[in-house]
Structure formats: structure tokens, C-alpha cells
$ cat coords.tsv   # TSV, C-alpha atoms
chain	number	residue	atom	x	y	z
A	1	MET	CA	-30.53	36.33	24.35
A	2	ASP	CA	-30.35	39.57	26.39
A	3	LEU	CA	-29.85	37.52	29.55
A	4	LEU	CA	-26.95	35.64	27.96
A	5	THR	CA	-25.36	38.89	26.79
A	6	SER	CA	-25.64	40.51	30.19
A	7	THR	CA	-24.26	37.40	31.89
A	8	LEU	CA	-21.22	37.39	29.62
A	9	ARG	CA	-20.62	41.09	30.32
A	10	GLU	CA	-20.77	40.55	34.06
A	11	THR	CA	-18.49	37.51	34.05
A	12	PRO	CA	-14.79	38.26	34.70
A	13	LEU	CA	-12.50	37.90	31.69
A	14	HIS	CA	-10.30	35.25	33.32
A	15	THR	CA	-13.40	33.13	34.05
A	16	LEU	CA	-14.52	33.33	30.41
A	17	PHE	CA	-11.02	32.38	29.27
A	18	ALA	CA	-10.94	29.38	31.63
A	19	ALA	CA	-14.36	28.27	30.40
A	20	LEU	CA	-13.21	28.54	26.78
A	21	VAL	CA	-10.09	26.47	27.48
A	22	ALA	CA	-12.19	23.86	29.27
A	23	LEU	CA	-14.60	23.74	26.32
A	24	ILE	CA	-11.74	23.26	23.85
A	25	ILE	CA	-10.22	20.47	25.98
A	26	PHE	CA	-13.61	18.78	26.31
A	27	ALA	CA	-14.18	19.00	22.55
A	28	PHE	CA	-10.71	17.61	21.84
A	29	TYR	CA	-11.12	14.59	24.10
A	30	GLY	CA	-14.67	14.10	22.90
A	31	LEU	CA	-13.50	13.97	19.29
A	32	TYR	CA	-10.62	11.71	20.32
A	33	ALA	CA	-13.07	9.27	21.94
A	34	ILE	CA	-15.38	9.35	18.91
A	35	LEU	CA	-12.48	8.65	16.55
A	36	HIS	CA	-11.46	5.68	18.68
A	37	LEU	CA	-14.95	4.28	18.17
A	38	ILE	CA	-15.35	4.93	14.43
A	39	ALA	CA	-11.78	4.75	13.07
A	40	PRO	CA	-11.20	1.59	10.99
A	41	LYS	CA	-9.39	-1.26	12.74
A	42	PRO	CA	-8.05	-4.14	10.63
A	43	ARG	CA	-9.37	-7.53	11.65
A	44	PRO	CA	-6.90	-10.19	12.84
A	45	VAL	CA	-5.58	-12.64	10.26
A	46	LEU	CA	-7.11	-16.12	10.49
A	47	PRO	CA	-4.87	-19.23	10.46
A	48	SER	CA	-6.19	-20.43	7.08
A	49	GLU	CA	-5.26	-17.06	5.55
A	50	LYS	CA	-1.58	-17.80	6.16
A	51	THR	CA	-1.62	-20.63	3.64
A	52	TYR	CA	-1.81	-20.58	-0.14
A	53	LEU	CA	-2.93	-22.85	-2.94
A	54	THR	CA	-0.69	-23.54	-5.90
A	55	THR	CA	-0.50	-26.03	-8.70
A	56	THR	CA	1.96	-28.91	-8.96
A	57	PRO	CA	2.72	-31.25	-11.88
A	58	THR	CA	0.33	-33.76	-10.29
A	59	GLY	CA	-2.44	-31.52	-8.95
A	60	THR	CA	-2.88	-28.81	-6.32
A	61	ALA	CA	-1.07	-28.26	-3.02
A	62	THR	CA	-1.71	-26.18	0.08
A	63	ARG	CA	1.44	-24.67	1.59
A	64	GLN	CA	2.46	-22.27	4.33
A	65	LEU	CA	2.68	-18.69	3.15
A	66	PRO	CA	6.08	-17.02	3.74
A	67	CYS	CA	5.66	-13.85	5.81
A	68	TRP	CA	8.33	-11.18	6.23
A	69	HIS	CA	5.84	-9.25	8.36
A	70	ASP	CA	5.76	-11.90	11.11
A	71	ARG	CA	9.55	-11.84	11.35
A	72	TRP	CA	9.56	-8.02	11.36
A	73	LEU	CA	6.89	-8.04	14.09
A	74	ALA	CA	8.95	-10.38	16.27
A	75	ASP	CA	12.03	-8.19	15.77
A	76	ARG	CA	9.98	-5.10	16.60
A	77	HIS	CA	8.74	-6.64	19.85
A	78	ALA	CA	12.33	-7.51	20.76
A	79	SER	CA	13.41	-3.98	19.86
A	80	GLU	CA	10.77	-2.42	22.09
A	81	THR	CA	11.82	-4.71	24.93
A	82	ARG	CA	15.43	-3.59	24.53
A	83	SER	CA	14.26	0.03	24.46
A	84	LYS	CA	12.43	-0.41	27.76
A	85	ASN	CA	15.60	-1.87	29.21
A	86	ASP	CA	17.46	1.30	28.09
A	87	ASP	CA	19.95	-0.50	25.87
A	88	PRO	CA	21.33	2.31	23.66
A	89	THR	CA	23.47	-0.05	21.59
A	90	GLN	CA	20.47	-1.62	19.87
A	91	LEU	CA	18.67	0.08	16.98
A	92	ASP	CA	14.89	0.23	16.74
A	93	ILE	CA	14.01	-2.24	14.01
A	94	ALA	CA	11.16	0.00	12.82
A	95	ASP	CA	13.52	2.82	11.95
A	96	THR	CA	16.09	0.74	10.07
A	97	GLY	CA	13.79	-0.69	7.41
A	98	SER	CA	15.04	-4.15	8.31
A	99	ILE	CA	13.38	-6.89	6.27
A	100	GLU	CA	14.28	-10.37	5.15
A	101	PRO	CA	16.33	-10.51	1.92
A	102	ALA	CA	14.40	-10.85	-1.31
A	103	GLU	CA	14.13	-14.23	-3.01
A	104	VAL	CA	12.79	-13.05	-6.38
A	105	ARG	CA	13.10	-9.88	-8.42
A	106	MET	CA	9.41	-8.96	-8.63
A	107	SER	CA	6.29	-9.73	-6.60
A	108	VAL	CA	2.86	-8.92	-7.99
A	109	VAL	CA	-0.24	-8.80	-5.79
A	110	PHE	CA	-3.70	-8.95	-7.39
A	111	PRO	CA	-6.58	-8.30	-4.95
A	112	ALA	CA	-9.60	-10.07	-6.38
A	113	TYR	CA	-13.24	-10.12	-5.33
A	114	ASN	CA	-15.64	-11.96	-7.67
A	115	GLU	CA	-13.30	-11.45	-10.64
A	116	GLU	CA	-13.80	-14.73	-12.54
A	117	ASP	CA	-14.87	-12.84	-15.67
A	118	ARG	CA	-12.04	-10.28	-15.69
A	119	ILE	CA	-8.95	-11.82	-14.11
A	120	LEU	CA	-7.92	-14.18	-16.92
A	121	PRO	CA	-6.87	-11.53	-19.50
A	122	THR	CA	-5.04	-9.67	-16.72
A	123	LEU	CA	-3.06	-12.76	-15.75
A	124	GLU	CA	-2.24	-13.52	-19.38
A	125	GLU	CA	-0.88	-10.02	-19.97
A	126	ALA	CA	1.05	-10.04	-16.69
A	127	VAL	CA	2.69	-13.44	-17.23
A	128	GLU	CA	3.69	-12.59	-20.81
A	129	TYR	CA	5.50	-9.46	-19.57
A	130	LEU	CA	6.99	-11.02	-16.42
A	131	ASP	CA	8.29	-14.07	-18.29
A	132	SER	CA	10.06	-11.93	-20.88
A	133	THR	CA	11.42	-9.40	-18.39
A	134	PHE	CA	12.33	-11.41	-15.28
A	135	GLY	CA	12.02	-15.06	-16.23
A	136	ARG	CA	10.94	-17.82	-13.85
A	137	ASP	CA	14.37	-19.08	-12.79
A	138	THR	CA	15.23	-17.60	-9.38
A	139	ARG	CA	18.74	-19.11	-9.23
A	140	PRO	CA	21.55	-16.54	-9.46
A	141	ASN	CA	23.28	-16.38	-12.84
A	142	PRO	CA	26.88	-15.17	-12.39
A	143	ASN	CA	27.18	-14.48	-16.12
A	144	SER	CA	24.09	-12.30	-16.34
A	145	GLU	CA	24.56	-8.62	-17.07
A	146	ARG	CA	21.71	-6.46	-15.85
A	147	PRO	CA	22.60	-2.86	-16.63
A	148	HIS	CA	21.06	-0.12	-14.56
A	149	PRO	CA	18.57	2.07	-16.39
A	150	LEU	CA	19.87	4.98	-14.29
A	151	PRO	CA	23.07	5.77	-12.39
A	152	ARG	CA	22.66	4.54	-8.83
A	153	LYS	CA	23.50	6.40	-5.68
A	154	HIS	CA	25.40	4.78	-2.86
A	155	VAL	CA	22.62	3.11	-0.88
A	156	LYS	CA	22.02	0.46	1.72
A	157	ASN	CA	19.79	-2.49	0.82
A	158	ALA	CA	20.64	-2.10	-2.88
A	159	PRO	CA	19.01	-4.84	-5.00
A	160	ARG	CA	21.11	-7.84	-5.90
A	161	GLU	CA	22.08	-7.68	-9.54
A	162	ASP	CA	21.91	-11.46	-10.03
A	163	LEU	CA	18.37	-11.77	-8.68
A	164	SER	CA	15.68	-12.83	-11.17
A	165	GLY	CA	12.31	-14.54	-11.21
A	166	TYR	CA	8.90	-13.40	-10.06
A	167	GLU	CA	5.85	-14.46	-8.11
A	168	ILE	CA	2.15	-13.67	-8.44
A	169	ILE	CA	-0.07	-13.59	-5.36
A	170	VAL	CA	-3.79	-13.57	-6.07
A	171	VAL	CA	-5.60	-12.53	-2.89
A	172	ASN	CA	-9.06	-14.04	-3.24
A	173	ASP	CA	-10.98	-11.65	-0.99
A	174	GLY	CA	-13.87	-13.87	0.08
A	175	SER	CA	-15.15	-14.26	-3.48
A	176	ARG	CA	-18.39	-16.15	-4.02
A	177	ASP	CA	-17.59	-17.09	-7.63
A	178	ARG	CA	-14.83	-19.15	-9.30
A	179	THR	CA	-12.05	-16.54	-9.03
A	180	ALA	CA	-9.65	-18.92	-7.26
A	181	GLN	CA	-10.40	-21.83	-9.60
A	182	VAL	CA	-9.91	-19.68	-12.72
A	183	ALA	CA	-6.52	-18.49	-11.45
A	184	LEU	CA	-5.40	-22.03	-10.59
A	185	GLU	CA	-6.57	-23.42	-13.93
A	186	PHE	CA	-4.55	-20.72	-15.67
A	187	ALA	CA	-1.50	-21.58	-13.53
A	188	ARG	CA	-1.82	-25.26	-14.45
A	189	GLU	CA	-2.08	-24.51	-18.17
A	190	ARG	CA	0.99	-22.23	-18.08
A	191	GLY	CA	3.07	-24.39	-15.75
A	192	LEU	CA	3.23	-21.65	-13.09
A	193	HIS	CA	3.79	-24.16	-10.30
A	194	ASP	CA	4.56	-22.29	-7.06
A	195	VAL	CA	4.94	-19.10	-9.11
A	196	LEU	CA	1.25	-18.20	-9.03
A	197	ARG	CA	-0.15	-18.50	-5.51
A	198	VAL	CA	-3.77	-18.09	-4.46
A	199	VAL	CA	-4.45	-16.85	-0.93
A	200	THR	CA	-8.10	-17.02	0.12
A	201	LEU	CA	-9.50	-14.74	2.82
A	202	GLU	CA	-12.39	-16.40	4.62
A	203	ARG	CA	-14.36	-13.17	4.86
A	204	ASN	CA	-14.25	-10.17	2.54
A	205	ARG	CA	-11.96	-7.45	3.89
A	206	GLY	CA	-12.14	-4.91	1.11
A	207	LYS	CA	-9.55	-3.98	-1.49
A	208	GLY	CA	-7.24	-2.32	1.04
A	209	GLY	CA	-7.32	-5.33	3.33
A	210	GLY	CA	-6.55	-7.66	0.44
A	211	VAL	CA	-3.63	-5.56	-0.78
A	212	THR	CA	-2.17	-5.20	2.73
A	213	HIS	CA	-2.46	-8.95	3.31
A	214	GLY	CA	-0.71	-9.71	0.04
A	215	LEU	CA	2.12	-7.21	0.65
A	216	ARG	CA	2.83	-8.80	4.03
A	217	HIS	CA	3.85	-11.98	2.22
A	218	VAL	CA	5.81	-10.81	-0.81
A	219	ARG	CA	9.31	-12.16	-1.45
A	220	GLY	CA	10.32	-9.73	-4.18
A	221	GLU	CA	12.95	-6.99	-4.38
A	222	TYR	CA	10.07	-4.91	-5.72
A	223	ALA	CA	6.39	-5.37	-4.89
A	224	LEU	CA	3.60	-4.25	-7.19
A	225	PHE	CA	-0.10	-4.31	-6.53
A	226	ALA	CA	-2.37	-4.08	-9.53
A	227	ASP	CA	-6.12	-4.21	-10.07
A	228	ALA	CA	-7.41	-7.54	-11.34
A	229	ASP	CA	-9.50	-5.87	-14.06
A	230	GLY	CA	-6.48	-5.14	-16.27
A	231	ALA	CA	-7.32	-1.44	-16.71
A	232	SER	CA	-3.62	-0.51	-16.53
A	233	ARG	CA	-1.23	-1.70	-19.24
A	234	PHE	CA	1.00	-4.16	-17.40
A	235	SER	CA	4.10	-3.48	-19.49
A	236	ASP	CA	4.18	-0.02	-17.88
A	237	LEU	CA	5.66	-1.80	-14.87
A	238	GLY	CA	9.06	-1.06	-16.41
A	239	LYS	CA	8.31	2.66	-16.15
A	240	LEU	CA	7.43	2.26	-12.48
A	241	VAL	CA	10.70	0.47	-11.73
A	242	GLU	CA	12.64	3.29	-13.40
A	243	GLY	CA	10.60	5.88	-11.52
A	244	CYS	CA	11.23	4.12	-8.22
A	245	GLU	CA	14.97	3.97	-8.91
A	246	GLU	CA	14.99	7.72	-9.50
A	247	VAL	CA	13.64	8.53	-6.03
A	248	VAL	CA	15.15	5.85	-3.75
A	249	ASP	CA	16.90	7.22	-0.68
A	250	GLY	CA	19.97	6.09	1.26
A	251	SER	CA	18.22	2.91	2.41
A	252	HIS	CA	16.77	2.14	-1.03
A	253	ARG	CA	13.26	3.13	0.04
A	254	GLY	CA	11.10	4.31	-2.81
A	255	VAL	CA	7.55	4.22	-4.17
A	256	ALA	CA	6.30	4.67	-7.74
A	257	ILE	CA	2.62	5.05	-8.57
A	258	GLY	CA	0.86	4.80	-11.88
A	259	SER	CA	-0.95	8.02	-12.76
A	260	ARG	CA	-3.88	8.82	-15.04
A	261	GLY	CA	-3.49	12.55	-14.47
A	262	HIS	CA	-2.23	13.08	-18.01
A	263	LEU	CA	-5.45	11.54	-19.38
A	264	VAL	CA	-7.68	14.36	-18.13
A	265	GLY	CA	-9.41	15.69	-21.25
A	266	SER	CA	-8.81	12.49	-23.20
A	267	ASP	CA	-11.54	10.13	-24.44
A	268	ALA	CA	-10.85	7.77	-21.55
A	269	VAL	CA	-12.07	10.44	-19.11
A	270	VAL	CA	-14.42	12.50	-21.26
A	271	LYS	CA	-16.57	9.44	-22.03
A	272	ARG	CA	-17.27	9.01	-18.31
A	273	SER	CA	-20.53	10.40	-16.99
A	274	ALA	CA	-20.59	14.07	-15.97
A	275	LEU	CA	-21.51	12.99	-12.43
A	276	ARG	CA	-18.48	10.72	-12.15
A	277	ASN	CA	-16.11	13.42	-13.40
A	278	PHE	CA	-17.65	15.97	-10.99
A	279	LEU	CA	-17.26	13.60	-8.04
A	280	MET	CA	-13.69	12.81	-9.12
A	281	ARG	CA	-12.74	16.51	-9.12
A	282	SER	CA	-14.56	17.13	-5.83
A	283	PHE	CA	-12.74	14.27	-4.15
A	284	HIS	CA	-9.41	15.57	-5.42
A	285	LEU	CA	-10.22	18.98	-3.91
A	286	VAL	CA	-10.99	17.36	-0.55
A	287	LEU	CA	-7.78	15.35	-0.87
A	288	THR	CA	-5.75	18.51	-1.48
A	289	ILE	CA	-7.19	20.13	1.64
A	290	LEU	CA	-6.93	17.18	4.04
A	291	THR	CA	-3.67	15.45	3.16
A	292	PRO	CA	-0.09	16.50	3.99
A	293	PRO	CA	1.92	18.46	1.38
A	294	ALA	CA	3.65	15.74	-0.66
A	295	THR	CA	0.52	13.57	-0.89
A	296	SER	CA	-1.72	16.52	-1.75
A	297	ARG	CA	0.46	17.37	-4.76
A	298	LEU	CA	-0.11	13.98	-6.42
A	299	ARG	CA	-2.53	14.18	-9.34
A	300	ASP	CA	-3.80	10.58	-9.06
A	301	THR	CA	-3.74	8.73	-5.74
A	302	GLN	CA	-6.34	6.10	-6.62
A	303	CYS	CA	-4.85	4.31	-9.63
A	304	GLY	CA	-4.53	0.61	-8.86
A	305	PHE	CA	-0.95	0.25	-10.08
A	306	LYS	CA	1.64	0.99	-7.38
A	307	LEU	CA	5.20	-0.26	-6.86
A	308	PHE	CA	7.24	-0.38	-3.64
A	309	SER	CA	10.89	-1.15	-3.10
A	310	ARG	CA	11.35	-3.91	-0.53
A	311	ALA	CA	13.02	-1.56	1.96
A	312	ALA	CA	9.95	0.72	1.90
A	313	LEU	CA	7.51	-2.00	2.98
A	314	PRO	CA	8.34	-2.10	6.75
A	315	HIS	CA	7.61	1.63	7.01
A	316	ILE	CA	4.16	1.33	5.41
A	317	VAL	CA	2.52	-2.11	5.56
A	318	PRO	CA	2.63	-2.80	9.35
A	319	TYR	CA	0.83	0.48	10.10
A	320	MET	CA	-2.07	0.16	7.65
A	321	HIS	CA	-5.60	0.54	9.05
A	322	ALA	CA	-7.88	1.37	6.13
A	323	GLU	CA	-9.29	-1.66	4.31
A	324	GLY	CA	-11.68	0.09	1.94
A	325	TRP	CA	-11.16	2.31	-1.11
A	326	ILE	CA	-9.30	4.96	0.89
A	327	PHE	CA	-6.31	2.69	1.66
A	328	ASP	CA	-4.18	4.12	-1.20
A	329	ILE	CA	-4.06	7.50	0.52
A	330	GLU	CA	-3.05	5.99	3.86
A	331	MET	CA	-0.17	4.21	2.11
A	332	LEU	CA	1.03	7.47	0.57
A	333	MET	CA	0.67	9.36	3.86
A	334	LEU	CA	2.68	6.66	5.64
A	335	ALA	CA	5.38	6.93	2.99
A	336	GLU	CA	5.52	10.70	3.42
A	337	SER	CA	5.78	10.44	7.23
A	338	ALA	CA	8.34	7.60	7.31
A	339	PRO	CA	11.37	8.11	9.60
A	340	ALA	CA	14.40	9.91	8.17
A	341	VAL	CA	17.38	7.87	7.02
A	342	PRO	CA	20.99	8.88	6.42
A	343	VAL	CA	22.01	10.10	2.96
A	344	LEU	CA	25.29	8.50	1.92
A	345	GLY	CA	27.90	9.94	-0.36
A	346	HIS	CA	29.67	7.94	-3.07
A	347	ASP	CA	32.31	6.94	-0.53
A	348	GLY	CA	29.68	5.69	1.92
A	349	ALA	CA	30.04	8.63	4.31
A	350	VAL	CA	26.90	10.17	5.82
A	351	ILE	CA	26.31	13.58	4.24
A	352	GLY	CA	22.80	14.34	5.52
A	353	SER	CA	19.39	12.81	6.14
A	354	SER	CA	16.31	12.19	4.03
A	355	PRO	CA	12.89	12.45	5.73
A	356	GLY	CA	10.05	10.36	4.40
A	357	ILE	CA	9.90	8.03	1.42
A	358	LYS	CA	9.78	9.78	-1.95
A	359	VAL	CA	6.96	8.93	-4.35
A	360	ALA	CA	7.39	9.05	-8.12
A	361	GLU	CA	4.20	9.68	-10.09
A	362	VAL	CA	4.53	7.92	-13.45
A	363	PRO	CA	2.10	8.42	-16.39
A	364	ILE	CA	0.73	5.08	-17.61
A	365	ASP	CA	-1.71	3.83	-20.24
A	366	TRP	CA	-5.13	3.13	-18.79
A	367	HIS	CA	-8.58	2.31	-20.13
A	368	GLU	CA	-12.03	1.91	-18.62
A	369	VAL	CA	-13.08	-1.70	-17.99
A	370	GLY	CA	-16.69	-2.74	-17.50
A	371	GLY	CA	-17.89	-4.55	-14.39
A	372	SER	CA	-16.53	-2.10	-11.81
A	373	LYS	CA	-17.79	-2.68	-8.26
A	374	LEU	CA	-17.52	1.04	-7.45
A	375	ASN	CA	-20.84	2.67	-6.66
A	376	VAL	CA	-20.04	6.19	-7.81
A	377	ILE	CA	-22.23	8.23	-5.45
A	378	GLN	CA	-22.26	5.98	-2.40
A	379	ASP	CA	-18.56	5.13	-2.48
A	380	SER	CA	-17.54	8.74	-3.21
A	381	VAL	CA	-19.33	9.89	-0.04
A	382	LYS	CA	-17.78	7.02	1.93
A	383	MET	CA	-14.32	7.91	0.62
A	384	ALA	CA	-14.69	11.58	1.59
A	385	ILE	CA	-15.84	10.65	5.11
A	386	GLY	CA	-13.16	7.97	5.34
A	387	LEU	CA	-10.47	10.46	4.33
A	388	ALA	CA	-11.60	12.92	7.02
A	389	VAL	CA	-11.60	10.19	9.68
A	390	LEU	CA	-8.23	8.88	8.50
A	391	ARG	CA	-6.56	12.29	8.57
A	392	ALA	CA	-8.06	13.20	11.96
A	393	SER	CA	-6.99	9.84	13.41
A	394	TRP	CA	-3.37	10.37	12.39
A	395	MET	CA	-3.32	14.02	13.45
A	396	MET	CA	-4.83	13.35	16.89
A	397	GLY	CA	-2.76	10.28	17.70
A	398	VAL	CA	-5.50	7.66	17.42
A	399	TYR	CA	-3.23	6.11	14.81
A	400	ARG	CA	0.49	6.10	15.51
A	401	ARG	CA	3.55	4.29	14.25
A	402	ARG	CA	3.02	1.51	16.74
A	403	LEU	CA	2.33	-2.18	16.46
A	404	THR	CA	-1.17	-3.02	15.23
$ encode --input "coords.tsv" --output "C-alpha cells"
Amino acid sequence: MDLLTSTLRETPLHTLFAALVALIIFAFYGLYAILHLIAPKPRPVLPSEKTYLTTTPTGTATRQLPCWHDRWLADRHASETRSKNDDPTQLDIADTGSIEPAEVRMSVVFPAYNEEDRILPTLEEAVEYLDSTFGRDTRPNPNSERPHPLPRKHVKNAPREDLSGYEIIVVNDGSRDRTAQVALEFARERGLHDVLRVVTLERNRGKGGGVTHGLRHVRGEYALFADADGASRFSDLGKLVEGCEEVVDGSHRGVAIGSRGHLVGSDAVVKRSALRNFLMRSFHLVLTILTPPATSRLRDTQCGFKLFSRAALPHIVPYMHAEGWIFDIEMLMLAESAPAVPVLGHDGAVIGSSPGIKVAEVPIDWHEVGGSKLNVIQDSVKMAIGLAVLRASWMMGVYRRRLT
């Protein structure tokens, strides 16, 4: 120890400073290399995962799955080619929120892994609400009057007022039970031919991977993902649509998330084990420290009931990496960091810019459902580590808004 102290005293100050800088640079690149090795990377989509099963009046059919993401990806490649050729007249497709027009009013994605015992009541509740609110007829009705719940700003990509209908995409995430068969039997009984679609992933990807895969194929003006266990009251979807409309920007980008924050102290939370409540609060503390400002202020990032306007999807879905429980936070961070868009006045003139995609946190009814696949201790530790890796990867440039 004395030798080290004397050596430091005898070493010139500029040499010590150079050594410190070199150490910091080495540590930075070392961490960068480690993150490249351990940061999650989504696996490529297999050909069979681009098809879906649906019922018909005479049986079951396998069809090609529509995919706005593939079209967006092709446009993005073309945009990058034009950028390399220094063509200033062409906009970068990633910054415009360009996406194919919607074909239905609402898309609902249910990620499902071994959910044969829980998915049926969820589908029943969802279809009852969707039938009464949106109907199944997707043909425009010129005589329909669909009043706005809120006054609307002048925006691009505003939803068509004559658009109706819905679709349900059940992403069967490599289930080993009868999840797919139960969903298809329900569709046959209710006559949901080509309305309810079952997409089967050959290998389990995790909840985040299932949600991302489903959102890449939605046709709706709004896209909701919801847990298959039915813990959230589905009729609260109306609240999410209103919340999303309140925060949409000049390109109609907006996100609304269901929140259980108001239930803290209620029976739904108090009846949980003390360990689970402790881990929940600890994770929220870590979340507050590691996430950017807008995301850190959200009271509930993990509720499986989130709604996206169609224009928001190209700024979030193509850049997703996390496929486990932590994926919700990556979605919200991507929304917060989305490119700025012009703010338009009532006459259509540009009056400013709006950075990021605003997120509305909407209180919803929620109840505990048995059969959860969450291992409280193990998955809580994994989520904390995953959050640290995720945040470091975005901060250090391992993840960027580039094609994945």
C-alpha cells in the first residue's frame, strides 16, 4: 500500500490524468462489448408465423397474415437508400409515421401461452363489448354518425369517421395445451369467421415477443394488447380510447395505458403477499431511477392493457428488442423518445413541434386471477437486471432507432 502511495506521488499529474482517461475509455468499450453480448436480440420470424388460422362456415382455413411492418420495412430500406444518395426531396419514412391505412376500427392482440383454462371468459367478455361498440361490418356507412368524445385538434392521419369493425389476433406463443383449439372453437360457435385469427409461434418467445409479433400485423385504427387472463375489465377500452384522443399529437400519435395505481391500498393489492408487494415497490423504485423522465412518472408500467393509435406503431414496434416481462417499459421508452412532429393549428399551419409520443395513464378496474405464470422472486430479479441492461443498451448506443 505504501509502495502504491509513493508511486502515485512520484508520477506526474498529466500522466495520472492520461491513465485515468484511458481507464475510463477501456471501461466504456468493455461495457459496450459486454452489452452487445448480453442484450436481448429478437429472433427472426419463421415463415409459418406469417400465416394465421381462422374459421369458415365449412371448417378451418390457413391464410397469409397481413403485415404493415413488412411494407414499412421495405419503405424504410428505400428511404435509407435515397438518403445515401443525398436526395433531400425525399422524407425518411421512419420520421413520418407512414403506415398503411386502417381497415377496421379496432385491433385486439391477446398473447397466450398455455391459456386453455383462462382464455375463454376473456374472449367472451371482449367479443360482447366489441360487437356492441364497433360491430363486425367493416364496410363504410355514409349515414353513420360517430360523434367525437372530445374536441379534436387539427391532425394528420386522423381516423376515418366511417370506419367500423374489429379483429382479434390470438398469438399462440408456442403453447403445449389446447389454447389455439379453444380459441377456434369459440370463433366457430360465435361466427367470428376471419374476425378472430390465431397466429401460432413455433417456439415460445415470451410475452413481449408475442405482443410485438401481433402488433406487426394489426389492421386497426387503434391497436390494443390485453392479457389473456381477463384481469382487466375489457369495457374499460372505451376509457383508453378517450385517453388516447386527449394526448394525440399533430400526426395522431398517442398511447393510453391501463393503470392499477389507484388500487394501491385496496383489497385487490392488500390481499397480495407481503413479499409480492415489497418486490412491486422495489421494482418501481428501480424503474424511477433508471428510466427517462416521462416513463419514470408513470405509476403502473406493467398492466397488460395498453392502446396505441395506428400512427404511433411505426415509431415503437420496429425497434422492439425485449421479449420478456420487461417489454412494456421498452415500449414506453420508445414512445417517449420518438421523433418530433409538427404541431398544426386549426388552419393547418405549423405552429411548433411536439417531441415524443404522449402517454395517457388511465385508471381501470382490475382483479387478481389465479394461474399466473409469474414467479415472483425469480422474475422480479430478472426484470430488474433486464431493465438495467435495457437502459444501458439504449444509453450507450447498442440499441438505436435502426432497422432490426
$ closest_residue --input "coords.tsv" --among "A:Ala311, A:Val182, A:Val317, A:Leu387" --to "Ile357 in chain A" --atoms "all atoms listed in the file"
A:Ala311
$ residues_near_point --input "coords.tsv" --point "(-16.7, -18.4, -6.6)" --cutoff "12 Å" --atoms "all atoms listed in the file" --output "PyMOL selection string"
chain A and resi 112-117+172-183+200
$ closest_atom_pairs --input "coords.tsv" --of "range 8-112 of chain A" --to "range 292-310 of chain A" --cutoff "10 Å" --atoms "all atoms listed in the file" --output "JSON lines"
{"residue": "A:Gly97", "atom": "CA", "partner": "A:Arg310", "partner_atom": "CA", "distance": 8.9}
{"residue": "A:Ser98", "atom": "CA", "partner": "A:Arg310", "partner_atom": "CA", "distance": 9.6}
{"residue": "A:Ile99", "atom": "CA", "partner": "A:Arg310", "partner_atom": "CA", "distance": 7.7}
{"residue": "A:Glu100", "atom": "CA", "partner": "A:Arg310", "partner_atom": "CA", "distance": 9.1}
{"residue": "A:Pro101", "atom": "CA", "partner": "A:Arg310", "partner_atom": "CA", "distance": 8.6}
{"residue": "A:Ala102", "atom": "CA", "partner": "A:Arg310", "partner_atom": "CA", "distance": 7.6}
{"residue": "A:Met106", "atom": "CA", "partner": "A:Ser309", "partner_atom": "CA", "distance": 9.7}
{"residue": "A:Ser107", "atom": "CA", "partner": "A:Leu307", "partner_atom": "CA", "distance": 9.5}
{"residue": "A:Val108", "atom": "CA", "partner": "A:Leu307", "partner_atom": "CA", "distance": 9.0}
{"residue": "A:Phe110", "atom": "CA", "partner": "A:Gly304", "partner_atom": "CA", "distance": 9.7}
{"residue": "A:Pro111", "atom": "CA", "partner": "A:Gly304", "partner_atom": "CA", "distance": 9.9}
$ atom_distance --input "coords.tsv" --atom1 "CA of Tyr32 in chain A" --atom2 "CA of Thr81 in chain A"
28.2 Å
$ residues_near_point --input "coords.tsv" --point "(-13.4, -5.5, -16.3)" --cutoff "8 Å" --atoms "only C-alpha atoms" --output "PyMOL selection string"
chain A and resi 117-118+229-231+368-372
$ write_last_selection --input "coords.tsv" --atoms "C-alpha atoms" --output "CSV table (one decimal), in the coordinates of the input"
chain,number,residue,atom,x,y,z
A,117,ASP,CA,-14.9,-12.8,-15.7
A,118,ARG,CA,-12.0,-10.3,-15.7
A,229,ASP,CA,-9.5,-5.9,-14.1
A,230,GLY,CA,-6.5,-5.1,-16.3
A,231,ALA,CA,-7.3,-1.4,-16.7
A,368,GLU,CA,-12.0,1.9,-18.6
A,369,VAL,CA,-13.1,-1.7,-18.0
A,370,GLY,CA,-16.7,-2.7,-17.5
A,371,GLY,CA,-17.9,-4.6,-14.4
A,372,SER,CA,-16.5,-2.1,-11.8
$ residues_around --input "coords.tsv" --residues "range 186-189 of chain A" --least-positions-apart "3" --cutoff "8 Å" --atoms "all atoms listed in the file" --output "number ranges by chain"
A: 54-57, 120, 182-183, 192-193, 196
$ closest_residue --input "coords.tsv" --among "A:Ser353, A:Ser235, A:Thr62, A:Thr212" --to "Asp328 in chain A" --atoms "all atoms listed in the file"
A:Thr212
$ closest_residue --input "coords.tsv" --among "A:Ser251, A:Ser337, A:Ser79, A:Ser259" --to "Thr291 in chain A" --atoms "only C-alpha atoms"
A:Ser337
$ atom_distance --input "coords.tsv" --atom1 "CA of Thr5 in chain A" --atom2 "CA of Val21 in chain A"
19.7 Å
$ closest_residue --input "coords.tsv" --among "A:Leu237, A:Val359, A:Ile289, A:Ala27" --to "Leu224 in chain A" --atoms "all atoms listed in the file"
A:Leu237
$ atom_distance --input "coords.tsv" --atom1 "CA of Val170 in chain A" --atom2 "CA of Asp75 in chain A"
27.5 Å
$ closest_residue --input "coords.tsv" --among "A:Leu184, A:Val286, A:Val341, A:Leu334" --to "Tyr399 in chain A" --atoms "all atoms listed in the file"
A:Leu334
$ closest_residue --input "coords.tsv" --among "A:Leu240, A:Ala312, A:Leu285, A:Ala340" --to "Glu361 in chain A" --atoms "all atoms listed in the file"
A:Leu240
$ residues_around --input "coords.tsv" --residues "Arg136 in chain A" --least-positions-apart "4" --cutoff "10 Å" --atoms "only C-alpha atoms" --output "list in words"
Val104, Arg105, Val127, Leu130, Asp131, Ser132, Ser164, Gly165, Tyr166, Glu167, Leu192 and Val195 of chain A
